[in-house]
Amino acid sequence: MGWTIDDAVSSRTLRDVKIFVSEVSFRLGNLTPKIRVRLFRYPGDKEIYFEQSHFVKIPDQKGSDQTFLKSDKDEAYALTHAVEALTCPYEAALGEGREPSDSWLIVNDDY
């Protein structure tokens, strides 16, 4: 059996290991900043997690505390959860008649 990525990062000296799977970038509607979404997994875990460069926070939006899954067993589904976490509040705000604003995007300092 061959050496694996998980084997390579199995040292007890390493902490907070994340294994990069892929990254996607895009702009959300008419907003200017480019958003990036990273997909990763933890050693020994087949679940795919995501982290996003920005969050959407629209002032006084109804239902803006909606919870989205942060992982899935499949890359495409994990990415779908990330995209929905961004597009759902954005599209809801447009549906309320709001004008898009770059201020809706909050930088994720942990990205």
# chains A, B, ... in the order shown; residues from 1 in each chain; ligands from 1

call {"tool": "residues_around", "arguments": {"residues": "Leu28 of chain A", "least_positions_apart": "5", "cutoff": "9 Å", "atoms": "only C-alpha atoms", "output": "ChimeraX atom specification"}}
result
/A:33-35,86-87,90

call {"tool": "write_last_selection", "arguments": {"atoms": "N, CA and C atoms", "output": "PDB file, in the first residue's frame"}}
result
ATOM      1  N   PRO A  33     -16.423  42.873  -4.868  1.00  0.00           N
ATOM      2  CA  PRO A  33     -15.367  41.976  -4.375  1.00  0.00           C
ATOM      3  C   PRO A  33     -15.469  40.562  -4.931  1.00  0.00           C
ATOM      4  N   LYS A  34     -14.317  39.978  -5.182  1.00  0.00           N
ATOM      5  CA  LYS A  34     -14.274  38.593  -5.607  1.00  0.00           C
ATOM      6  C   LYS A  34     -14.329  37.725  -4.346  1.00  0.00           C
ATOM      7  N   ILE A  35     -15.196  36.745  -4.361  1.00  0.00           N
ATOM      8  CA  ILE A  35     -15.369  35.819  -3.239  1.00  0.00           C
ATOM      9  C   ILE A  35     -14.666  34.517  -3.592  1.00  0.00           C
ATOM     10  N   LEU A  86     -24.403  32.223   0.420  1.00  0.00           N
ATOM     11  CA  LEU A  86     -24.168  33.567  -0.126  1.00  0.00           C
ATOM     12  C   LEU A  86     -25.343  34.050  -0.976  1.00  0.00           C
ATOM     13  N   THR A  87     -25.840  33.179  -1.836  1.00  0.00           N
ATOM     14  CA  THR A  87     -26.868  33.615  -2.780  1.00  0.00           C
ATOM     15  C   THR A  87     -28.252  33.778  -2.151  1.00  0.00           C
ATOM     16  N   TYR A  90     -28.605  37.219  -0.514  1.00  0.00           N
ATOM     17  CA  TYR A  90     -28.469  38.222  -1.575  1.00  0.00           C
ATOM     18  C   TYR A  90     -29.754  38.300  -2.400  1.00  0.00           C
TER      19      TYR A  90
END

call {"tool": "residues_around", "arguments": {"residues": "segment 4-10 of chain A", "least_positions_apart": "5", "cutoff": "8 Å", "atoms": "only C-alpha atoms", "output": "PyMOL selection string"}}
result
chain A and resi 17+43-44

call {"tool": "residues_around", "arguments": {"residues": "segment 20-27 of chain A", "least_positions_apart": "6", "cutoff": "6 Å", "atoms": "only C-alpha atoms", "output": "JSON, numbers by chain"}}
result
{"A": [34, 35, 36, 37, 38, 39, 40]}

call {"tool": "write_last_selection", "arguments": {"atoms": "N, CA and C atoms", "output": "PDB file, in the first residue's frame"}}
result
ATOM      1  N   LYS A  34     -14.317  39.978  -5.182  1.00  0.00           N
ATOM      2  CA  LYS A  34     -14.274  38.593  -5.607  1.00  0.00           C
ATOM      3  C   LYS A  34     -14.329  37.725  -4.346  1.00  0.00           C
ATOM      4  N   ILE A  35     -15.196  36.745  -4.361  1.00  0.00           N
ATOM      5  CA  ILE A  35     -15.369  35.819  -3.239  1.00  0.00           C
ATOM      6  C   ILE A  35     -14.666  34.517  -3.592  1.00  0.00           C
ATOM      7  N   ARG A  36     -13.993  33.938  -2.610  1.00  0.00           N
ATOM      8  CA  ARG A  36     -13.342  32.646  -2.797  1.00  0.00           C
ATOM      9  C   ARG A  36     -13.921  31.646  -1.799  1.00  0.00           C
ATOM     10  N   VAL A  37     -14.086  30.432  -2.240  1.00  0.00           N
ATOM     11  CA  VAL A  37     -14.560  29.345  -1.385  1.00  0.00           C
ATOM     12  C   VAL A  37     -13.530  28.222  -1.485  1.00  0.00           C
ATOM     13  N   ARG A  38     -13.000  27.813  -0.330  1.00  0.00           N
ATOM     14  CA  ARG A  38     -12.058  26.691  -0.275  1.00  0.00           C
ATOM     15  C   ARG A  38     -12.785  25.454   0.221  1.00  0.00           C
ATOM     16  N   LEU A  39     -12.510  24.350  -0.411  1.00  0.00           N
ATOM     17  CA  LEU A  39     -12.990  23.055   0.049  1.00  0.00           C
ATOM     18  C   LEU A  39     -11.793  22.311   0.635  1.00  0.00           C
ATOM     19  N   PHE A  40     -12.006  21.675   1.767  1.00  0.00           N
ATOM     20  CA  PHE A  40     -10.916  20.953   2.422  1.00  0.00           C
ATOM     21  C   PHE A  40     -11.489  19.797   3.224  1.00  0.00           C
TER      22      PHE A  40
END

call {"tool": "select_by_dssp", "arguments": {"residues": "chain A", "states": "strand (DSSP E)", "output": "PyMOL selection string"}}
result
chain A and resi 19-27+34-41+48-52+54-56+71-72+105-107

call {"tool": "residues_around", "arguments": {"residues": "Asp109 of chain A", "least_positions_apart": "4", "cutoff": "12 Å", "atoms": "only C-alpha atoms", "output": "compact mmCIF listing (two decimals) with N, CA and C atoms, in the first residue's frame"}}
result
# COMPACT_ATOMS: atom_id res chain seq x y z
N GLU A 51 -14.83 26.82 3.57
CA GLU A 51 -14.69 28.11 4.23
C GLU A 51 -14.73 29.16 3.13
N GLN A 52 -15.31 30.29 3.44
CA GLN A 52 -15.51 31.33 2.44
C GLN A 52 -14.75 32.59 2.84
N SER A 53 -14.29 33.32 1.83
CA SER A 53 -13.53 34.54 2.06
C SER A 53 -14.40 35.67 2.59
N HIS A 54 -15.70 35.60 2.34
CA HIS A 54 -16.65 36.64 2.76
C HIS A 54 -17.94 35.99 3.26
N PHE A 55 -18.62 36.70 4.10
CA PHE A 55 -19.97 36.34 4.53
C PHE A 55 -20.92 37.43 4.04
